[in-house]
Amino acid sequence: MNIHLIGFNCRFSHSCPALFYVRNELERHLPGTTPTLHQFTINDPYFETLLTITGFRADALLFSVYIWNASYLQRLLPDIHRVLPETPIVLGGPQAPALRELLPFRATVVHNEIEGVDAAFFGDLASGELREDYRSTPGGHFPSPYRPEDFQTHLRDRNIYYESSRGCPFFCSYCLSSLSRGVTAKDLAQVREELLAIFPHQPREIRFVDRTFNAEPRRALAIWAFLLENAPAACSFHFEIAPDLFTEEMFVFLEEVEGGRFRFEIGIQSTHRRTLAAVNRKMDVDRALAAIRRLRQHTGVHLHVDLILGLPFEDETRFGQSLRDVLTALPQQLQMGLLKILPDTAIARQTATHGILSCREAPYQVLATRWLDHPTLARLYRLGQCLEAFYNKGFFRTFFSFLIPVEPDIFAWFRQLADRCAARNFFALAHTQALLHEILSAFVQEHDQAPLLLELLAYDWLLSGHRHLPGVPETELTAARDFLWRHAPTSLDGRYSGRDRNLFFKRGVFRKFSAPLLALAGLGTGGEGYLGFLSDRKNARAVAIAIPVAGPERGEDAGAAASGDGPA
């Protein structure tokens, strides 16, 4: 049979593991069948994609469906069916049943995971006599679906998704994982064997999709230790974790992990205990926040923390407190996601109770609740967009590391910034670093620590690798460089010496900063001084270097240097 398995990812860097699992099961049950995998994105040109799929001359088309690609497929599948009315279309994935109800024809739906599906499905597929529904029994065996050749074709330059367990130990009312009970974990020996088969292909990132990776702390520690001992040095790892389940042994272990090697996605969702109880989410809030602070202060783990906007019992004031609670722990990223009312979940049956209005089509975002009318929710959503642009992109790390601990109400600060952005039509513009820098520079002019905040913005801008500074004449940076060329030591801590000195000053960007700025940057010596910024290609940023001055700093010296008698 000529069977084509099709996935639509959000980005090219993503991959769709479901296609690989289905391929293997098809080949196991239908010997001689060679399924073909295709990975598109939801941003691909529509008509070209349609022509590509209708040109496959397939005996059957199987699609992976989830909330982020359902709208694209809702448009695409009817057109495929019009052109190929006799070609069976099979849908699988968490959003498949809901999508079928929106289609003008009856596609076949495979419910739950492919490994436990009724064996009749494969026979019916081969005979062309498919029923509308096939159901699976969860909890079966699910070996890694990848083969060596996949890494040079379907997975090349993409993230690798890996399951060491399936299921979730929690039953949050808004999550599809709550519909199945129990967790099935692979034996550690199998996990090690499967990962060892992946490592030789030099993956850049392996994303563990276990719903709560650290639900069993000893197991999590064993896998972490194995990864650090055996994985390629350039590979990073992503985990979804519950911060209140960390043990002391886990904290101690993570303190020794190289910075950036591990990335944790942490679903706090809310710090309001009544809200958490209403959605059946069990979490020790104080313990969770303490864990985030400790991870941030004592480890190099990258922390991505999630809040959900629109949960029951959270009005604007209480949501603001959740944001303050998490943001003051200074995670590298804080995402404000909208509550999504997914079909068949418990919260979908409670919309009248909670006064919830949501979008009719996937991804079913909340529009209003009993505690947040639509204008208020819209205003908070815009605040979340500001958080994404100004904070999460990481352009202003030093700026926010200073501002957040000293700002009396960081939620109010971001709310005011969002209002300023709305007045600038910011949300319809491309969020370039130059635009963000411009808006922040104007916004902090009225702050009581405006001079230092503006210096922090200048520092972060140059640390991003730029060779100019908005609003500052080029002659100011040139004067600083030429003054340092005259007065800096003949050699500096392995940065330059002898003939390398001229090259150092040609490559770098230099500026004078205040003592408070230097102290915040960890480069201070007690007074004001000069910093040099040199490109760091490995991290796609610049590295800041303190430049000592050997001689007295006199105005006439700087003026003479600025006249051009310095490095070319």
# chains A, B, ... in the order shown; residues from 1 in each chain; ligands from 1
call {"tool": "residues_around", "arguments": {"residues": "Cys359 in chain A", "least_positions_apart": "3", "cutoff": "12 Å", "atoms": "only C-alpha atoms", "output": "list in words"}}
result
Leu338, Leu339, Lys340, Ile341, Leu342, Pro343, Ile356, Ala362, Pro363, Tyr364, Gln365, Val366, Leu367 and Ala368 of chain A
call {"tool": "residues_around", "arguments": {"residues": "Ala291 in chain A", "least_positions_apart": "2", "cutoff": "9 Å", "atoms": "only C-alpha atoms", "output": "list in words"}}
result
Pro243, Asp244, Leu245, Phe246, Phe251, Asp286, Arg287, Ala288, Leu289, Arg293, Arg294, Leu295 and Arg296 of chain A
call {"tool": "write_last_selection", "arguments": {"atoms": "N, CA, C and O atoms", "output": "JSON list (two decimals), in the first residue's frame"}}
result
[["chain", "number", "residue", "atom", "x", "y", "z"],
["A", 243, "PRO", "N", 8.12, 21.80, 40.28],
["A", 243, "PRO", "CA", 9.17, 22.34, 41.17],
["A", 243, "PRO", "C", 9.01, 21.95, 42.63],
["A", 243, "PRO", "O", 9.99, 21.92, 43.37],
["A", 244, "ASP", "N", 7.79, 21.63, 43.06],
["A", 244, "ASP", "CA", 7.60, 21.28, 44.47],
["A", 244, "ASP", "C", 7.98, 19.83, 44.76],
["A", 244, "ASP", "O", 7.91, 19.40, 45.92],
["A", 245, "LEU", "N", 8.40, 19.08, 43.72],
["A", 245, "LEU", "CA", 8.79, 17.69, 43.93],
["A", 245, "LEU", "C", 10.31, 17.50, 43.99],
["A", 245, "LEU", "O", 10.78, 16.36, 44.06],
["A", 246, "PHE", "N", 11.07, 18.59, 43.96],
["A", 246, "PHE", "CA", 12.52, 18.46, 44.03],
["A", 246, "PHE", "C", 12.97, 17.99, 45.41],
["A", 246, "PHE", "O", 12.45, 18.43, 46.43],
["A", 251, "PHE", "N", 18.74, 19.07, 43.93],
["A", 251, "PHE", "CA", 19.33, 20.41, 43.93],
["A", 251, "PHE", "C", 20.85, 20.34, 43.91],
["A", 251, "PHE", "O", 21.51, 21.06, 43.15],
["A", 286, "ASP", "N", 4.36, 27.49, 48.07],
["A", 286, "ASP", "CA", 5.56, 28.05, 48.71],
["A", 286, "ASP", "C", 6.80, 27.23, 48.36],
["A", 286, "ASP", "O", 7.86, 27.78, 48.06],
["A", 287, "ARG", "N", 6.65, 25.93, 48.38],
["A", 287, "ARG", "CA", 7.78, 25.06, 48.05],
["A", 287, "ARG", "C", 8.18, 25.23, 46.57],
["A", 287, "ARG", "O", 9.37, 25.23, 46.24],
["A", 288, "ALA", "N", 7.19, 25.38, 45.71],
["A", 288, "ALA", "CA", 7.47, 25.55, 44.28],
["A", 288, "ALA", "C", 8.23, 26.84, 44.01],
["A", 288, "ALA", "O", 9.22, 26.86, 43.28],
["A", 289, "LEU", "N", 7.78, 27.95, 44.60],
["A", 289, "LEU", "CA", 8.45, 29.23, 44.39],
["A", 289, "LEU", "C", 9.86, 29.21, 44.97],
["A", 289, "LEU", "O", 10.81, 29.76, 44.38],
["A", 293, "ARG", "N", 13.44, 29.87, 42.89],
["A", 293, "ARG", "CA", 14.48, 30.81, 43.34],
["A", 293, "ARG", "C", 15.81, 30.11, 43.55],
["A", 293, "ARG", "O", 16.87, 30.62, 43.14],
["A", 294, "ARG", "N", 15.79, 28.93, 44.14],
["A", 294, "ARG", "CA", 17.04, 28.22, 44.39],
["A", 294, "ARG", "C", 17.69, 27.77, 43.08],
["A", 294, "ARG", "O", 18.91, 27.88, 42.90],
["A", 295, "LEU", "N", 16.88, 27.27, 42.17],
["A", 295, "LEU", "CA", 17.41, 26.86, 40.87],
["A", 295, "LEU", "C", 18.03, 28.05, 40.14],
["A", 295, "LEU", "O", 19.09, 27.94, 39.52],
["A", 296, "ARG", "N", 17.38, 29.18, 40.22],
["A", 296, "ARG", "CA", 17.88, 30.39, 39.53],
["A", 296, "ARG", "C", 19.17, 30.90, 40.14],
["A", 296, "ARG", "O", 20.08, 31.35, 39.43]]
call {"tool": "atom_distance", "arguments": {"atom1": "CA of Glu149 in chain A", "atom2": "CA of Pro45 in chain A"}}
result
27.9 Å
call {"tool": "residues_around", "arguments": {"residues": "range 455-457 of chain A", "least_positions_apart": "6", "cutoff": "7 Å", "atoms": "only C-alpha atoms", "output": "list in words"}}
result
Phe396, Thr398, Phe399 and Leu517 of chain A
call {"tool": "write_last_selection", "arguments": {"atoms": "N, CA, C and O atoms", "output": "PDB file, in the first residue's frame"}}
result
ATOM      1  N   PHE A 396      17.390  42.164  27.407  1.00  0.00           N
ATOM      2  CA  PHE A 396      17.613  43.130  28.493  1.00  0.00           C
ATOM      3  C   PHE A 396      17.790  42.413  29.830  1.00  0.00           C
ATOM      4  O   PHE A 396      17.165  42.755  30.828  1.00  0.00           O
ATOM      5  N   THR A 398      20.341  42.166  32.057  1.00  0.00           N
ATOM      6  CA  THR A 398      20.908  42.928  33.175  1.00  0.00           C
ATOM      7  C   THR A 398      19.918  43.978  33.653  1.00  0.00           C
ATOM      8  O   THR A 398      19.768  44.204  34.860  1.00  0.00           O
ATOM      9  N   PHE A 399      19.229  44.605  32.725  1.00  0.00           N
ATOM     10  CA  PHE A 399      18.223  45.624  33.051  1.00  0.00           C
ATOM     11  C   PHE A 399      17.157  45.048  33.972  1.00  0.00           C
ATOM     12  O   PHE A 399      16.860  45.606  35.040  1.00  0.00           O
ATOM     13  N   LEU A 517      26.791  50.646  37.630  1.00  0.00           N
ATOM     14  CA  LEU A 517      26.598  49.733  36.498  1.00  0.00           C
ATOM     15  C   LEU A 517      27.644  48.643  36.505  1.00  0.00           C
ATOM     16  O   LEU A 517      27.344  47.463  36.331  1.00  0.00           O
TER      17      LEU A 517
END
call {"tool": "closest_residue", "arguments": {"among": "A:Glu27, A:Tyr381, A:Pro548, A:Ile439", "to": "His487 in chain A", "atoms": "only C-alpha atoms"}}
result
A:Pro548
call {"tool": "residues_around", "arguments": {"residues": "range 192-204 of chain A", "least_positions_apart": "5", "cutoff": "9 Å", "atoms": "only C-alpha atoms", "output": "list of chain:residue names"}}
result
A:Pro143, A:Ser144, A:Tyr146, A:Arg147, A:Pro148, A:Phe151, A:Gln152, A:Arg156, A:Asp157, A:Arg158, A:Asn159, A:Ile160, A:Tyr162, A:Asp187, A:Ile223, A:Phe226, A:Leu227, A:Asn230, A:Ala231, A:Pro232, A:Ala234, A:Cys235, A:Ser236, A:Phe237
call {"tool": "closest_residue", "arguments": {"among": "A:Cys386, A:Leu155, A:Ala544, A:Ala120", "to": "Phe12 in chain A", "atoms": "only C-alpha atoms"}}
result
A:Leu155
call {"tool": "residues_around", "arguments": {"residues": "Ala242 in chain A", "least_positions_apart": "4", "cutoff": "8 Å", "atoms": "only C-alpha atoms", "output": "VMD selection string"}}
result
chain A and resid 212 to 215 246 266 to 267 288
call {"tool": "residues_around", "arguments": {"residues": "Phe443 in chain A", "least_positions_apart": "5", "cutoff": "12 Å", "atoms": "only C-alpha atoms", "output": "list in words"}}
result
Trp413, Phe414, Gln416, Leu417, Ala418, Asp419, Arg420, Cys421, Arg424, Leu436, His437, Glu438, Asp448, Gln449, Ala450, Leu453, Leu454 and Leu457 of chain A
call {"tool": "select_by_dssp", "arguments": {"residues": "range 29-84 of chain A", "states": "strand (DSSP E)", "output": "JSON, numbers by chain"}}
result
{"A": [36, 37, 38, 39, 40, 41, 60, 61, 62, 63, 64]}
call {"tool": "atom_distance", "arguments": {"atom1": "CA of Thr271 in chain A", "atom2": "CA of Ser322 in chain A"}}
result
5.1 Å
call {"tool": "closest_residue", "arguments": {"among": "A:Leu372, A:Val326, A:Val252, A:Leu30", "to": "Gly310 in chain A", "atoms": "only C-alpha atoms"}}
result
A:Leu372
